[in-house]
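Dropping protein.pdb in here (PDB, C-alpha atoms):
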ATOM      1  CA  ALA A   1      29.527  -5.327 -12.117
ATOM      2  CA  TRP A   2      25.998  -6.816 -12.161
ATOM      3  CA  PHE A   3      24.493  -3.363 -11.708
ATOM      4  CA  GLU A   4      26.640  -1.830 -14.434
ATOM      5  CA  ARG A   5      25.771  -4.557 -16.922
ATOM      6  CA  GLY A   6      22.108  -4.181 -15.987
ATOM      7  CA  LYS A   7      22.273  -0.456 -16.690
ATOM      8  CA  ALA A   8      23.900  -1.099 -20.069
ATOM      9  CA  ARG A   9      21.236  -3.648 -20.947
ATOM     10  CA  SER A  10      18.489  -1.218 -19.918
ATOM     11  CA  HIS A  11      19.957   1.432 -22.208
ATOM     12  CA  CYS A  12      19.813  -1.126 -25.038
ATOM     13  CA  GLY A  13      16.157  -1.926 -24.283
ATOM     14  CA  GLU A  14      16.961  -5.414 -22.975
ATOM     15  CA  PHE A  15      14.758  -4.984 -19.919
ATOM     16  CA  ASP A  16      14.282  -8.675 -19.062
ATOM     17  CA  LEU A  17      18.038  -9.258 -19.026
ATOM     18  CA  ALA A  18      18.614  -6.019 -17.133
ATOM     19  CA  ALA A  19      16.108  -6.997 -14.430
ATOM     20  CA  SER A  20      17.903 -10.320 -14.075
ATOM     21  CA  ASP A  21      21.280  -8.601 -13.709
ATOM     22  CA  PHE A  22      19.922  -6.221 -11.090
ATOM     23  CA  ALA A  23      18.437  -9.174  -9.198
ATOM     24  CA  ARG A  24      21.841 -10.898  -9.145
ATOM     25  CA  GLY A  25      23.472  -7.725  -7.872
ATOM     26  CA  LEU A  26      20.829  -7.319  -5.170
ATOM     27  CA  ASP A  27      21.361 -10.931  -4.093
ATOM     28  CA  LEU A  28      24.965  -9.964  -3.352
ATOM     29  CA  ASN A  29      24.207  -6.529  -1.898
ATOM     30  CA  PRO A  30      20.572  -6.226  -0.760
ATOM     31  CA  ASP A  31      21.210  -2.854   0.902
ATOM     32  CA  TYR A  32      22.159  -1.102  -2.361
ATOM     33  CA  VAL A  33      19.151   1.196  -2.791
ATOM     34  CA  PRO A  34      19.966   2.286  -6.386
ATOM     35  CA  GLY A  35      19.734  -1.383  -7.399
ATOM     36  CA  TYR A  36      16.031  -1.387  -6.524
ATOM     37  CA  LEU A  37      15.531   1.836  -8.476
ATOM     38  CA  HIS A  38      17.253   0.437 -11.556
ATOM     39  CA  ARG A  39      15.379  -2.860 -11.346
ATOM     40  CA  GLY A  40      12.123  -0.941 -10.923
ATOM     41  CA  ASN A  41      12.951   1.024 -14.071
ATOM     42  CA  ALA A  42      13.664  -2.222 -15.927
ATOM     43  CA  HIS A  43      10.309  -3.607 -14.815
ATOM     44  CA  LEU A  44       8.626  -0.434 -16.078
ATOM     45  CA  GLY A  45      10.375  -0.901 -19.413
ATOM     46  CA  ARG A  46       9.162  -4.480 -19.699
ATOM     47  CA  GLY A  47       5.603  -3.545 -18.709
ATOM     48  CA  ASP A  48       5.588  -5.297 -15.324
ATOM     49  CA  TYR A  49       4.183  -2.369 -13.379
ATOM     50  CA  ARG A  50       3.261  -4.320 -10.241
ATOM     51  CA  GLN A  51       6.818  -5.581  -9.853
ATOM     52  CA  ALA A  52       8.070  -2.039 -10.446
ATOM     53  CA  VAL A  53       5.883  -0.855  -7.545
ATOM     54  CA  THR A  54       7.409  -3.590  -5.382
ATOM     55  CA  ASP A  55      10.967  -2.504  -6.164
ATOM     56  CA  TYR A  56      10.321   1.208  -5.711
ATOM     57  CA  THR A  57       8.554   0.468  -2.415
ATOM     58  CA  GLU A  58      11.563  -1.564  -1.265
ATOM     59  CA  ALA A  59      13.838   1.364  -2.116
ATOM     60  CA  LEU A  60      11.567   3.659  -0.114
ATOM     61  CA  TRP A  61      11.524   1.270   2.824
ATOM     62  CA  ARG A  62      15.324   1.431   2.875
ATOM     63  CA  HIS A  63      15.528   5.214   2.236
ATOM     64  CA  ARG A  64      12.203   6.999   2.809
ATOM     65  CA  GLU A  65      13.041  10.402   1.381
ATOM     66  CA  ASN A  66      13.859   9.269  -2.135
ATOM     67  CA  PRO A  67      12.311  11.412  -4.897
ATOM     68  CA  PRO A  68      13.376   9.110  -7.787
ATOM     69  CA  ALA A  69      11.750   6.110  -6.086
ATOM     70  CA  LEU A  70       8.578   8.106  -5.435
ATOM     71  CA  ALA A  71       8.439   9.365  -9.020
ATOM     72  CA  GLY A  72       9.057   5.869 -10.401
ATOM     73  CA  ARG A  73       6.416   4.339  -8.186
ATOM     74  CA  GLY A  74       4.053   7.145  -9.138
ATOM     75  CA  ARG A  75       4.601   6.314 -12.811
ATOM     76  CA  ALA A  76       3.965   2.622 -12.166
ATOM     77  CA  TYR A  77       0.769   3.442 -10.278
ATOM     78  CA  GLU A  78      -0.296   5.742 -13.106
ATOM     79  CA  LEU A  79       0.233   2.963 -15.657
ATOM     80  CA  LEU A  80      -1.766   0.606 -13.428
ATOM     81  CA  GLY A  81      -4.617   3.140 -13.394
ATOM     82  CA  ASP A  82      -4.286   3.941  -9.680
ATOM     83  CA  LEU A  83      -4.262   7.696 -10.157
ATOM     84  CA  ASP A  84      -4.802   8.619  -6.499
ATOM     85  CA  ARG A  85      -1.630   6.808  -5.450
ATOM     86  CA  ALA A  86       0.211   8.173  -8.475
ATOM     87  CA  VAL A  87      -0.653  11.769  -7.571
ATOM     88  CA  ALA A  88       0.286  11.169  -3.929
ATOM     89  CA  ASP A  89       3.720   9.803  -4.882
ATOM     90  CA  TYR A  90       4.357  12.533  -7.461
ATOM     91  CA  SER A  91       3.350  15.181  -4.931
ATOM     92  CA  GLU A  92       5.661  13.778  -2.265
ATOM     93  CA  ALA A  93       8.535  13.606  -4.766
ATOM     94  CA  LEU A  94       7.979  17.261  -5.651
ATOM     95  CA  ARG A  95       7.816  18.239  -2.000
ATOM     96  CA  LEU A  96      11.162  16.539  -1.316
ATOM     97  CA  ASP A  97      12.934  17.723  -4.441
TER      98      ASP A  97
END
Represent the structure from my file as structure tokens, please.
Amino acid sequence: AWFERGKARSHCGEFDLAASDFARGLDLNPDYVPGYLHRGNAHLGRGDYRQAVTDYTEALWRHRENPPALAGRGRAYELLGDLDRAVADYSEALRLD
């Protein structure tokens, strides 16, 4: 239920609250890879690009071949100005998908 409420809050633009909901869900189920993706997206929405990188990287650590996590992390890197890492992640996402 935490993940579902977090998704609803993200859709409403309530990214801080969504990130908090996803964190609660991940406390209960730390192996749920989509939770890291959703929380990473919430961090992107709130402008916390470094934390987004952390969440996408955690998702990739748990499931390496994950195009959405690579694309999300690429976007976060792009917004941080790290274009080399952004291109590398985008390229790997394209290769996998």
Discussion item. Which residue is closest to Ala88 in chain A? Choose from A:Arg9, A:His63, A:Arg73, A:Arg50 and count all atoms listed in the file.
Written reply: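 Counting all atoms listed in the file, the residue closest to Ala88 in chain A is A:Arg73.
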Worksheet item: Which residue, A:Gly81, A:Gly45, A:Pro30, A:Pro67, has the smallest gap to His11 in chain A when you use only C-alpha atoms?
Response: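 With only C-alpha atoms as the atom set, the closest residue is A:Gly45.
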Worksheet entry | Spatial sel., origin (25.6, -7.3, -10.0), limit 6 Å, all atoms listed in the file, listed as a PyMOL selection string | chain A and resi 1-3+21-22+24-25
Practice prompt. Record the distance separating CA of Leu60 in chain A and CA of Val33 in chain A, expressed in Å with one decimal.
Written response: 8.4 Å
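Residue nearest Asp55 in chain A within the list A:Asn29, A:Tyr36, A:Ala69, A:Phe15: A:Tyr36 [criterion: smallest interatomic distance, only C-alpha atoms].
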Worksheet item: Mind pulling up the distance from CA of Ala59 in chain A to CA of Gly35 in chain A?
Response: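 A separation of 8.4 Å between them.
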Worksheet item: Neighbours of Glu65 in chain A within 9 Å (only C-alpha atoms; same-chain residues fewer than 5 positions away dropped), as a VMD selection string?
Response: chain A and resid 60 70 92 to 93 96
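Proximity of A:Asp31, A:Gly13, A:Glu58, A:Ala23 to Arg46 in chain A, computed with all atoms listed in the file, is greatest for A:Gly13.
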Fill in: Atom-to-atom span, CA of Tyr49 in chain A and CA of Ala86 in chain A, Å
12.3 Å
Box centre and edge lengths (Å, one decimal), axis-aligned, range 51-59 of chain A plus 6 Å each side, as lines of an AutoDock Vina configuration file:
center_x = 9.9
center_y = -2.1
center_z = -5.9
size_x = 20.0
size_y = 18.9
size_z = 21.2
Worksheet, complete the sentence: The residue from A:Leu79, A:Leu28, A:Gly40, A:Asp48 with the smallest atom-to-atom distance to Lys7 in chain A, counting only C-alpha atoms, is A:Gly40
